[in-house]
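Asker: Supplied structure: structure_15.cif, mmCIF, C-alpha atoms.
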```
data_input
loop_
_atom_site.label_atom_id
_atom_site.label_comp_id
_atom_site.auth_asym_id
_atom_site.auth_seq_id
_atom_site.Cartn_x
_atom_site.Cartn_y
_atom_site.Cartn_z
CA MET A 1 0.00 0.00 0.00
CA SER A 2 1.44 3.39 -0.93
CA THR A 3 1.31 6.38 1.39
CA VAL A 4 0.04 9.86 0.63
CA SER A 5 2.68 12.50 1.23
CA ALA A 6 1.73 15.74 2.91
CA ASP A 7 2.25 19.00 1.04
CA GLY A 8 5.79 20.26 1.16
CA GLY A 9 7.04 17.10 2.89
CA ARG A 10 5.27 17.99 6.14
CA PRO A 11 3.75 15.18 8.22
CA PRO A 12 0.17 14.22 7.29
CA THR A 13 -2.55 16.05 9.18
CA LEU A 14 -5.85 14.99 10.67
CA GLU A 15 -7.65 16.87 7.90
CA GLN A 16 -5.81 14.90 5.21
CA VAL A 17 -6.78 11.61 6.86
CA ALA A 18 -10.41 12.79 6.97
CA ARG A 19 -10.38 13.71 3.27
CA TYR A 20 -8.80 10.39 2.34
CA ALA A 21 -11.39 8.45 4.38
CA GLY A 22 -14.32 10.62 3.26
CA VAL A 23 -15.36 11.41 6.82
CA SER A 24 -15.27 14.42 9.12
CA ARG A 25 -12.25 15.50 11.13
CA SER A 26 -14.16 14.80 14.34
CA THR A 27 -14.84 11.21 13.23
CA VAL A 28 -11.11 10.63 12.70
CA SER A 29 -10.47 12.09 16.14
CA ARG A 30 -13.01 9.74 17.74
CA VAL A 31 -11.35 6.72 16.09
CA ILE A 32 -7.87 7.79 17.24
CA ASN A 33 -9.13 8.30 20.78
CA ALA A 34 -10.90 4.90 20.80
CA VAL A 35 -14.37 6.34 21.37
CA PRO A 36 -16.59 3.22 21.46
CA THR A 37 -19.60 4.75 19.65
CA VAL A 38 -17.92 4.74 16.21
CA ALA A 39 -19.41 2.11 13.88
CA PRO A 40 -16.99 -0.75 13.08
CA GLU A 41 -17.07 -0.17 9.31
CA ILE A 42 -16.27 3.54 9.74
CA ARG A 43 -13.48 2.72 12.19
CA GLU A 44 -12.00 0.30 9.64
CA THR A 45 -12.17 2.94 6.88
CA VAL A 46 -10.42 5.52 9.06
CA GLU A 47 -7.74 3.04 10.14
CA ARG A 48 -7.01 2.25 6.47
CA ALA A 49 -6.73 5.99 5.78
CA ILE A 50 -4.31 6.42 8.69
CA ALA A 51 -2.15 3.61 7.33
CA ALA A 52 -2.28 4.97 3.77
CA THR A 53 -1.37 8.54 4.71
CA GLY A 54 1.24 7.58 7.27
CA TYR A 55 -0.47 9.77 9.87
CA VAL A 56 1.02 9.54 13.40
CA PRO A 57 -1.33 10.70 16.18
CA ASN A 58 -0.11 13.42 18.52
CA LEU A 59 0.03 11.48 21.78
CA ALA A 60 0.23 14.59 23.91
CA ALA A 61 -2.95 15.96 22.37
CA ARG A 62 -4.60 12.57 22.61
CA SER A 63 -3.83 12.32 26.31
CA LEU A 64 -5.70 15.58 26.90
CA VAL A 65 -8.80 13.90 25.52
CA THR A 66 -8.43 10.41 26.98
CA ARG A 67 -6.66 11.49 30.20
CA ARG A 68 -4.34 8.51 29.68
CA THR A 69 -0.66 8.26 28.88
CA ASP A 70 -0.67 4.66 27.60
CA SER A 71 2.23 4.03 29.99
CA VAL A 72 2.52 1.81 33.05
CA ALA A 73 5.33 1.81 35.62
CA ILE A 74 6.94 -1.21 37.25
CA VAL A 75 8.12 0.23 40.55
CA ILE A 76 10.81 -1.86 42.24
CA SER A 77 10.67 -0.75 45.85
CA GLU A 78 13.26 -1.05 48.59
CA PRO A 79 12.21 -0.07 52.14
CA ASP A 80 14.29 1.57 54.86
CA ARG A 81 16.86 -1.12 55.52
CA THR A 82 20.60 -1.54 55.19
CA SER A 83 22.42 -4.14 53.12
CA GLY A 84 25.99 -4.79 52.13
CA THR A 85 25.01 -4.82 48.44
CA PRO A 86 23.89 -1.58 46.71
CA PHE A 87 20.19 -1.56 45.83
CA LEU A 88 20.63 -1.20 42.06
CA ASN A 89 23.17 -4.04 42.00
CA ARG A 90 20.70 -6.33 43.74
CA MET A 91 17.85 -5.22 41.51
CA PHE A 92 19.60 -5.85 38.20
CA THR A 93 21.26 -9.13 39.23
CA ASP A 94 18.10 -10.72 40.65
CA PRO A 95 16.47 -12.88 37.92
CA TYR A 96 13.07 -12.23 39.50
CA VAL A 97 12.92 -8.62 38.30
CA GLY A 98 13.63 -9.59 34.70
CA ARG A 99 10.99 -12.31 34.81
CA VAL A 100 8.36 -9.90 36.15
CA THR A 101 9.19 -7.38 33.42
CA ALA A 102 9.01 -10.02 30.68
CA GLY A 103 5.68 -11.36 31.92
CA ALA A 104 4.12 -7.90 32.10
CA GLN A 105 5.37 -7.02 28.62
CA GLU A 106 3.57 -10.04 27.16
CA VAL A 107 0.27 -8.37 28.07
CA LEU A 108 1.13 -4.69 27.71
CA LEU A 109 2.93 -4.60 24.35
CA PRO A 110 0.00 -5.94 22.28
CA GLN A 111 -2.11 -3.21 23.88
CA ASN A 112 0.46 -0.55 22.84
CA ILE A 113 1.13 0.21 26.49
CA HIS A 114 4.65 1.41 27.28
CA LEU A 115 6.41 -0.02 30.33
CA VAL A 116 8.63 2.19 32.49
CA VAL A 117 10.88 0.50 35.08
CA ILE A 118 11.44 2.69 38.14
CA PRO A 119 13.70 1.61 41.02
CA VAL A 120 12.86 3.37 44.28
CA ASP A 121 14.86 3.30 47.49
CA PRO A 122 14.30 5.68 50.42
CA PRO A 123 16.33 8.66 49.08
CA ALA A 124 14.40 8.59 45.78
CA ARG A 125 10.96 7.86 47.17
CA HIS A 126 9.65 11.45 47.20
CA LEU A 127 10.85 12.00 43.62
CA VAL A 128 9.11 8.87 42.39
CA LEU A 129 5.89 9.79 44.19
CA ARG A 130 5.97 13.26 42.64
CA TYR A 131 6.49 11.71 39.18
CA LEU A 132 3.52 9.41 39.69
CA ARG A 133 1.36 12.16 41.18
CA GLN A 134 1.95 14.29 38.07
CA GLY A 135 0.20 11.68 35.95
CA HIS A 136 3.10 10.45 33.83
CA VAL A 137 1.74 6.88 33.94
CA ASP A 138 -1.74 5.38 34.10
CA GLY A 139 -0.96 2.81 36.77
CA VAL A 140 1.69 0.98 38.77
CA LEU A 141 2.86 -2.61 39.06
CA LEU A 142 4.54 -2.55 42.46
CA VAL A 143 7.27 -5.12 43.12
CA SER A 144 7.74 -5.12 46.88
CA SER A 145 7.39 -7.83 49.48
CA HIS A 146 8.80 -6.17 52.59
CA VAL A 147 6.23 -6.00 55.35
CA ASP A 148 7.34 -2.52 56.44
CA ASP A 149 7.57 -0.98 52.97
CA PRO A 150 5.49 2.25 52.96
CA MET A 151 5.02 2.29 49.15
CA PRO A 152 1.75 0.27 49.04
CA GLY A 153 0.14 2.69 51.48
CA LEU A 154 1.59 5.77 49.75
CA LEU A 155 0.27 4.64 46.37
CA ASP A 156 -3.08 3.90 48.00
CA ASP A 157 -3.15 7.50 49.23
CA LEU A 158 -2.39 8.76 45.69
CA ASP A 159 -5.40 6.81 44.43
CA ILE A 160 -3.43 5.63 41.38
CA PRO A 161 -4.40 2.20 39.96
CA THR A 162 -1.93 -0.27 41.49
CA VAL A 163 -1.37 -4.02 41.57
CA LEU A 164 1.12 -5.57 44.00
CA SER A 165 3.49 -8.48 43.35
CA ALA A 166 2.90 -10.00 46.79
CA ARG A 167 0.49 -9.93 49.69
CA PRO A 168 1.00 -6.60 51.46
CA GLY A 169 1.75 -6.18 55.16
CA PRO A 170 -0.87 -3.64 56.27
CA PRO A 171 -4.04 -4.00 54.15
CA VAL A 172 -4.48 -1.65 51.16
CA ARG A 173 -7.13 -1.33 48.46
CA ALA A 174 -4.87 -2.57 45.66
CA SER A 175 -5.13 -6.02 44.11
CA TYR A 176 -2.22 -8.39 44.52
CA VAL A 177 -0.88 -11.54 42.89
CA ASP A 178 1.22 -14.06 44.81
CA VAL A 179 2.22 -17.71 44.93
CA ASP A 180 1.18 -20.03 47.76
CA GLN A 181 4.51 -19.75 49.58
CA ARG A 182 3.67 -22.22 52.35
CA ALA A 183 2.56 -24.86 49.88
CA GLY A 184 5.89 -24.47 48.07
CA ALA A 185 7.84 -25.11 51.27
CA HIS A 186 5.66 -28.17 51.95
CA LEU A 187 6.58 -29.54 48.51
CA ALA A 188 10.27 -29.08 49.30
CA VAL A 189 10.04 -30.91 52.64
CA GLU A 190 7.98 -33.77 51.21
CA HIS A 191 10.52 -34.23 48.42
CA LEU A 192 13.53 -34.21 50.77
CA VAL A 193 11.88 -36.66 53.17
CA GLY A 194 10.90 -38.81 50.21
CA ARG A 195 14.57 -38.91 49.24
CA GLY A 196 15.36 -40.42 52.64
CA ARG A 197 16.66 -37.24 54.29
CA ARG A 198 16.06 -37.03 58.03
CA ARG A 199 18.17 -34.13 59.31
CA LEU A 200 16.65 -31.15 57.54
CA ALA A 201 17.52 -27.48 57.89
CA THR A 202 16.64 -24.28 56.06
CA ILE A 203 18.28 -21.06 54.96
CA CYS A 204 15.27 -18.75 55.08
CA GLY A 205 14.78 -15.38 53.43
CA PRO A 206 14.60 -12.04 55.27
CA LEU A 207 11.95 -12.21 57.95
CA ASP A 208 10.81 -8.66 57.22
CA MET A 209 9.50 -10.01 53.89
CA THR A 210 6.25 -11.90 53.46
CA ALA A 211 8.02 -14.46 51.24
CA GLY A 212 10.65 -15.08 53.93
CA GLN A 213 8.02 -15.43 56.63
CA GLU A 214 5.67 -17.67 54.66
CA ARG A 215 8.33 -20.03 53.29
CA LEU A 216 9.77 -20.50 56.76
CA ALA A 217 6.31 -21.07 58.26
CA GLY A 218 5.55 -23.68 55.60
CA PHE A 219 8.87 -25.44 56.20
CA ARG A 220 8.32 -25.60 59.96
CA ALA A 221 4.71 -26.77 59.63
CA ALA A 222 5.68 -29.52 57.20
CA LEU A 223 8.49 -30.79 59.44
CA LEU A 224 6.24 -30.71 62.48
CA GLY A 225 4.10 -33.23 60.66
CA TYR A 226 7.17 -35.47 60.43
CA GLY A 227 7.94 -35.12 64.13
CA GLN A 228 10.68 -32.47 63.84
CA PRO A 229 9.40 -29.48 65.81
CA ASP A 230 12.61 -27.41 65.95
CA PRO A 231 14.69 -27.64 62.75
CA PRO A 232 17.86 -25.52 62.32
CA VAL A 233 17.12 -22.13 60.69
CA VAL A 234 19.55 -19.47 59.45
CA GLU A 235 18.29 -16.21 57.96
CA ALA A 236 19.87 -14.61 54.87
CA ASP A 237 19.15 -11.88 52.34
CA PHE A 238 18.16 -13.65 49.08
CA THR A 239 21.63 -13.09 47.49
CA ARG A 240 24.34 -15.63 46.53
CA ALA A 241 26.75 -14.08 49.03
CA GLY A 242 24.07 -14.24 51.70
CA GLY A 243 23.48 -17.90 50.95
CA GLU A 244 27.20 -18.64 51.24
CA ALA A 245 27.52 -16.86 54.58
CA ALA A 246 24.38 -18.53 55.94
CA ALA A 247 25.57 -21.99 54.86
CA ARG A 248 28.87 -21.48 56.69
CA ARG A 249 27.03 -20.50 59.88
CA LEU A 250 24.62 -23.41 59.58
CA LEU A 251 27.22 -26.09 58.91
CA ALA A 252 29.50 -24.80 61.68
CA THR A 253 26.88 -25.85 64.25
CA HIS A 254 24.90 -28.53 62.36
CA ALA A 255 27.46 -30.50 60.35
CA ASP A 256 25.15 -33.53 60.22
CA VAL A 257 22.50 -31.86 58.01
CA ASP A 258 21.59 -34.11 55.08
CA GLY A 259 18.72 -32.11 53.54
CA LEU A 260 18.63 -28.36 52.96
CA PHE A 261 15.71 -26.18 51.88
CA VAL A 262 16.94 -22.77 50.73
CA ALA A 263 14.35 -20.03 50.28
CA ASN A 264 15.52 -18.91 46.83
CA ASP A 265 17.74 -20.19 44.04
CA LEU A 266 20.45 -17.55 44.36
CA MET A 267 21.04 -18.43 48.01
CA ALA A 268 20.87 -22.13 47.19
CA GLU A 269 23.59 -21.69 44.58
CA GLY A 270 25.75 -19.98 47.21
CA ALA A 271 25.06 -22.77 49.72
CA VAL A 272 26.07 -25.45 47.20
CA ARG A 273 29.41 -23.68 46.68
CA VAL A 274 30.09 -23.82 50.41
CA LEU A 275 29.09 -27.48 50.64
CA ARG A 276 31.53 -28.24 47.83
CA GLU A 277 34.33 -26.31 49.58
CA LEU A 278 33.71 -28.30 52.77
CA GLY A 279 33.88 -31.61 50.93
CA ARG A 280 30.13 -32.31 51.21
CA ARG A 281 28.78 -33.89 48.02
CA VAL A 282 25.47 -32.71 46.55
CA PRO A 283 23.22 -34.65 46.54
CA ASP A 284 25.03 -37.70 47.99
CA ASP A 285 25.78 -36.13 51.38
CA VAL A 286 23.36 -33.19 51.35
CA ALA A 287 20.31 -32.83 49.11
CA VAL A 288 19.42 -29.20 48.30
CA VAL A 289 16.10 -27.68 47.19
CA GLY A 290 15.79 -24.02 46.16
CA PHE A 291 12.79 -21.83 45.43
CA ASP A 292 11.75 -19.80 42.32
CA ASP A 293 12.97 -21.93 39.37
CA SER A 294 15.00 -18.98 38.10
CA SER A 295 17.80 -19.18 35.54
CA ALA A 296 20.21 -19.63 38.47
CA ALA A 297 18.65 -23.02 39.24
CA ALA A 298 19.22 -24.47 35.78
CA GLU A 299 22.74 -23.01 35.51
CA ALA A 300 23.97 -24.17 38.94
CA HIS A 301 26.38 -27.11 39.35
CA PRO A 302 24.71 -29.42 40.01
CA ALA A 303 21.45 -28.09 38.56
CA LEU A 304 19.07 -27.27 41.40
CA THR A 305 15.90 -29.01 42.31
CA THR A 306 13.60 -26.12 43.10
CA ILE A 307 10.07 -24.95 43.76
CA ARG A 308 8.74 -23.17 40.70
CA GLN A 309 6.65 -20.08 41.09
CA PRO A 310 5.29 -19.10 37.67
CA VAL A 311 6.63 -15.54 37.80
CA GLU A 312 5.96 -14.67 34.16
CA GLU A 313 2.36 -15.88 34.38
CA MET A 314 1.91 -14.04 37.68
CA ALA A 315 3.26 -10.80 36.19
CA ALA A 316 0.99 -11.18 33.18
CA GLU A 317 -1.97 -11.52 35.53
CA MET A 318 -0.81 -8.41 37.39
CA ALA A 319 -0.80 -6.50 34.10
CA ARG A 320 -4.28 -7.72 33.18
CA LEU A 321 -5.64 -6.71 36.59
CA LEU A 322 -4.03 -3.29 36.26
CA LEU A 323 -5.43 -2.64 32.77
CA ALA A 324 -8.89 -3.63 33.97
CA ARG A 325 -8.60 -1.24 36.92
CA ILE A 326 -7.39 1.60 34.67
CA ARG A 327 -10.36 1.11 32.35
CA ASP A 328 -12.83 0.87 35.22
CA PRO A 329 -11.62 2.52 38.46
CA ARG A 330 -14.70 1.18 40.26
CA ARG A 331 -13.61 -2.44 39.90
CA LEU A 332 -13.14 -4.22 43.21
CA SER A 333 -9.63 -5.29 44.16
CA ARG A 334 -8.73 -8.97 43.95
CA ALA A 335 -6.22 -11.36 45.52
CA ILE A 336 -4.98 -14.07 43.16
CA LEU A 337 -2.85 -16.96 44.42
CA PHE A 338 -0.89 -19.19 42.04
CA HIS A 339 0.11 -22.77 42.87
CA PRO A 340 3.81 -23.74 43.05
CA THR A 341 5.23 -26.91 41.51
CA LEU A 342 8.31 -29.04 42.19
CA VAL A 343 11.04 -29.13 39.50
CA ILE A 344 13.42 -32.04 40.11
CA ARG A 345 17.03 -31.70 38.97
CA ALA A 346 20.42 -33.08 40.02
CA SER A 347 20.76 -31.51 43.50
CA THR A 348 18.41 -34.09 45.05
#
```
Would you mind writing the structure in this file as structure tokens?
Answerer:
Amino acid sequence: MSTVSADGGRPPTLEQVARYAGVSRSTVSRVINAVPTVAPEIRETVERAIAATGYVPNLAARSLVTRRTDSVAIVISEPDRTSGTPFLNRMFTDPYVGRVTAGAQEVLLPQNIHLVVIPVDPPARHLVLRYLRQGHVDGVLLVSSHVDDPMPGLLDDLDIPTVLSARPGPPVRASYVDVDQRAGAHLAVEHLVGRGRRRLATICGPLDMTAGQERLAGFRAALLGYGQPDPPVVEADFTRAGGEAAARRLLATHADVDGLFVANDLMAEGAVRVLRELGRRVPDDVAVVGFDDSSAAAEAHPALTTIRQPVEEMAAEMARLLLARIRDPRRLSRAILFHPTLVIRAST
């Protein structure tokens, strides 16, 4: 199909599209702004005229009519806490963030919705809130699982459409999507016990995070059912280095451990390194189960048995919930829980 050049090489105008389609300028404007009252055959005629003329809508002008930016932010939030690893380093090396972004894009791109990734730690929080308050995006996918993170409540106060990546600490009006963390820990324990392991321990995640709390609670509840009321527990920070340090502390006092549940794959990879350094064979001497089924699990040596949470599918559901809320602000919030599955590899 050939295009119709504008006079003097200037970009095509709305009036030229209207002439080409044989309709009024206001009809073209209604099609561009997705007004639902336009008849399907007229909409198709105008869309063909737009393609033929090469017309590109003025998004700034369109946003004045629709009051939408066709942009959504993924806000990666870090609460007031200290860590030995800089926030941005942790954010960009954690496979989870990339998986959330990829899953959201699967839903947003076909809808021509742009995705903006915004990291926010305490020094930047007021700047991010100002940016959101000014209406630069239509809604927020909030990635935060710290119980004390103020961002869910602050976004609730802004009344901006928001969907959370985990169950929040204090209740808010926003929808959230999560995995059944306790059920995942139960799967890990059942698998380790089924492999004949009797001296189980865990490296849990941060206990100021819902994921850390829930995975530990599930591990303890499952072991209680097997008559082990007080298993060894060491807390770490969901990083490889944290997993290494926690494994050293654990094995210094519980050298007889033969089954280890680690609350994410990065920490599990670090723990396996320490076991190897100490001459403990995986899985012969110690069987190891991680959590997430991230790229780190498949690339570890040996490859990690892990609990899969379907992060991409969860992020896609977050995006669908957010788009529905943007289109209808009166929609009630929802809580959606995905089921984990066991992925068996060489570490057990």
Asker: Fewer than 2 positions away in the same chain doesn't count, so skip those; otherwise give me all residues within 12 Å of A:Asp237, counting only C-alpha atoms, as JSON, numbers by chain.
Answerer: {"A": [81, 82, 83, 84, 85, 90, 94, 146, 203, 204, 205, 206, 207, 208, 209, 211, 212, 234, 235, 239, 240, 241, 242, 243, 244, 245, 246, 262, 263, 264, 265, 266, 267, 268, 270]}
Asker: Kindly resolve the PyMOL selection byres ((chain A and resi 165) around 6) on the present coordinates and return the residues as a PyMOL selection string.
Answerer: chain A and resi 143+164+166+176-177
Asker: Those residues you just picked out, can you put them in a file as a JSON list (two decimals), in the frame of the given file with C-alpha atoms?
Answerer:
```
[["chain", "number", "residue", "atom", "x", "y", "z"],
["A", 143, "VAL", "CA", 7.27, -5.12, 43.12],
["A", 164, "LEU", "CA", 1.12, -5.57, 44.00],
["A", 166, "ALA", "CA", 2.90, -10.00, 46.79],
["A", 176, "TYR", "CA", -2.22, -8.39, 44.52],
["A", 177, "VAL", "CA", -0.88, -11.54, 42.89]]
```
Asker: Any chance you could resolve the PyMOL selection byres ((chain A and resi 215-231) around 9) against this file and give the residues as a list in words?
Answerer: Gln181, Arg182, Ala183, Gly184, Ala185, His186, Leu187, Ala188, Val189, Glu190, Val193, Arg199, Leu200, Ala201, Thr202, Ile203, Cys204, Gly205, Leu207, Thr210, Ala211, Gly212, Gln213, Glu214, Pro232, Val233, Phe261 and Ala263 of chain A
Asker: Which polymer residues, whether protein, DNA or RNA, lie within 6 Å of the coordinate (22.1, -26.2, 52.3) when you count all atoms listed in the file? List them as a ChimeraX atom specification, using the chain letters and numbers from the file.
Answerer: /A:260,271,288
Asker: For A:Pro168, which residue out of A:Arg30, A:Leu154, A:Asp148, A:Ala303 is the nearest one, using all atoms listed in the file?
Answerer: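 Among the listed residues, the smallest separation from A:Pro168 belongs to A:Asp148.
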Asker: Just want the 10 Å neighbourhood of A:Leu132, counted on only C-alpha atoms, with same-chain residues fewer than 4 positions away dropped. Output as a list in words.
Answerer: Ala73, His126, Leu127, Val128, His136, Val137, Asp138, Gly139, Val140, Leu155, Leu158 and Ile160 of chain A
Asker: Store the residues picked out above in a file with C-alpha atoms, as a compact mmCIF listing (two decimals), in the frame of the given file.
Answerer:
```
# COMPACT_ATOMS: atom_id res chain seq x y z
CA ALA A 73 5.33 1.81 35.62
CA HIS A 126 9.65 11.45 47.20
CA LEU A 127 10.85 12.00 43.62
CA VAL A 128 9.11 8.87 42.39
CA HIS A 136 3.10 10.45 33.83
CA VAL A 137 1.74 6.88 33.94
CA ASP A 138 -1.74 5.38 34.10
CA GLY A 139 -0.96 2.81 36.77
CA VAL A 140 1.69 0.98 38.77
CA LEU A 155 0.27 4.64 46.37
CA LEU A 158 -2.39 8.76 45.69
CA ILE A 160 -3.43 5.63 41.38
```
Asker: In Å, with one decimal, what is the gap from atom CA of A:Ser294 to atom CA of A:Leu115?
Answerer: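 Pair atom CA of A:Ser294 / atom CA of A:Leu115 returns 22.2 Å.
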Asker: Just the number, please: distance in Å from atom CA of A:Arg130 to atom CA of A:Arg99, one decimal.
Answerer: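 Separation between atom CA of A:Arg130 and atom CA of A:Arg99: 27.2 Å.
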Asker: Given the choices A:Ala104, A:Arg43, A:Asp180, A:Gly169, which gets closest to A:Leu323 if the distance is worked out from all atoms listed in the file?
Answerer: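 The answer is A:Ala104, which sits nearest to A:Leu323.
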Asker: Kindly resolve the PyMOL selection byres ((chain A and resi 310) around 9) on the present coordinates and return the residues as a PDB file with C-alpha atoms, in the frame of the given file.
Answerer:
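This is the output file expr.pdb:
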```
ATOM      1  CA  VAL A 179       2.220 -17.710  44.930  1.00  0.00           C
ATOM      2  CA  ASP A 292      11.750 -19.800  42.320  1.00  0.00           C
ATOM      3  CA  ASP A 293      12.970 -21.930  39.370  1.00  0.00           C
ATOM      4  CA  ARG A 308       8.740 -23.170  40.700  1.00  0.00           C
ATOM      5  CA  GLN A 309       6.650 -20.080  41.090  1.00  0.00           C
ATOM      6  CA  VAL A 311       6.630 -15.540  37.800  1.00  0.00           C
ATOM      7  CA  GLU A 312       5.960 -14.670  34.160  1.00  0.00           C
ATOM      8  CA  GLU A 313       2.360 -15.880  34.380  1.00  0.00           C
ATOM      9  CA  MET A 314       1.910 -14.040  37.680  1.00  0.00           C
ATOM     10  CA  ALA A 315       3.260 -10.800  36.190  1.00  0.00           C
ATOM     11  CA  PHE A 338      -0.890 -19.190  42.040  1.00  0.00           C
ATOM     12  CA  HIS A 339       0.110 -22.770  42.870  1.00  0.00           C
ATOM     13  CA  PRO A 340       3.810 -23.740  43.050  1.00  0.00           C
ATOM     14  CA  THR A 341       5.230 -26.910  41.510  1.00  0.00           C
TER      15      THR A 341
END
```
Asker: Which of these residues is nearest to A:Ala236, using only C-alpha atoms: A:Arg249, A:Ala300, A:Pro119, A:Tyr131?
Answerer: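 Among the listed residues, the smallest separation from A:Ala236 belongs to A:Arg249.
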Asker: For A:Ile76, find every residue with an atom within 9 Å (counting all atoms listed in the file), except residues of its own chain fewer than 2 positions away, and show them as a CSV table (one decimal) with C-alpha atoms, keeping the file's coordinate frame.
Answerer:
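This is the output file around.csv:
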```csv
chain,number,residue,atom,x,y,z
A,74,ILE,CA,6.9,-1.2,37.2
A,78,GLU,CA,13.3,-1.0,48.6
A,91,MET,CA,17.8,-5.2,41.5
A,97,VAL,CA,12.9,-8.6,38.3
A,117,VAL,CA,10.9,0.5,35.1
A,118,ILE,CA,11.4,2.7,38.1
A,119,PRO,CA,13.7,1.6,41.0
A,120,VAL,CA,12.9,3.4,44.3
A,121,ASP,CA,14.9,3.3,47.5
A,141,LEU,CA,2.9,-2.6,39.1
A,142,LEU,CA,4.5,-2.6,42.5
A,143,VAL,CA,7.3,-5.1,43.1
A,144,SER,CA,7.7,-5.1,46.9
```
Asker: Given only C-alpha atoms as the basis, pick out the residue of A:Gln134, A:Ser71, A:Ser347, A:Ser145 nearest to A:Arg281.
Answerer: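 Using only C-alpha atoms, the shortest distance to A:Arg281 belongs to A:Ser347.
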Asker: Could you check how far atom CA of A:Arg25 sits from atom CA of A:Ile50, in Å to one decimal?
Answerer: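 Separation of atom CA of A:Arg25 and atom CA of A:Ile50: 12.3 Å.
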Asker: Contacts of A:Thr306 at 6 Å or less, counting all atoms listed in the file, minus same-chain residues fewer than 4 places along, as a CSV table (one decimal) with C-alpha atoms, keeping the file's coordinate frame?
Answerer:
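The result, written out as out_37.csv:
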```
chain,number,residue,atom,x,y,z
A,289,VAL,CA,16.1,-27.7,47.2
A,290,GLY,CA,15.8,-24.0,46.2
A,291,PHE,CA,12.8,-21.8,45.4
A,293,ASP,CA,13.0,-21.9,39.4
A,343,VAL,CA,11.0,-29.1,39.5
```
Asker: Taking all atoms listed in the file into account, which of A:Arg10, A:Arg197, A:Arg133, A:Arg48 comes nearest A:Asp285?
Answerer: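 Nearest to A:Asp285: A:Arg197.
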Asker: Restricting the calculation to all atoms listed in the file, which member of A:Thr101, A:Ser26, A:Ser333, A:Gln16 is positioned closest to A:Asp156?
Answerer: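 Smallest separation from A:Asp156 among the options: A:Ser333.
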Asker: Tell me, as a list in words, which residues lie within 8 Å of A:Val107, counting only C-alpha atoms; anything in the same chain fewer than 4 positions away does not count.
Answerer: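 Neighbouring residues, sequence-local ones excluded: Gly103, Gln111, Ala316, Ala319 and Arg320 of chain A.
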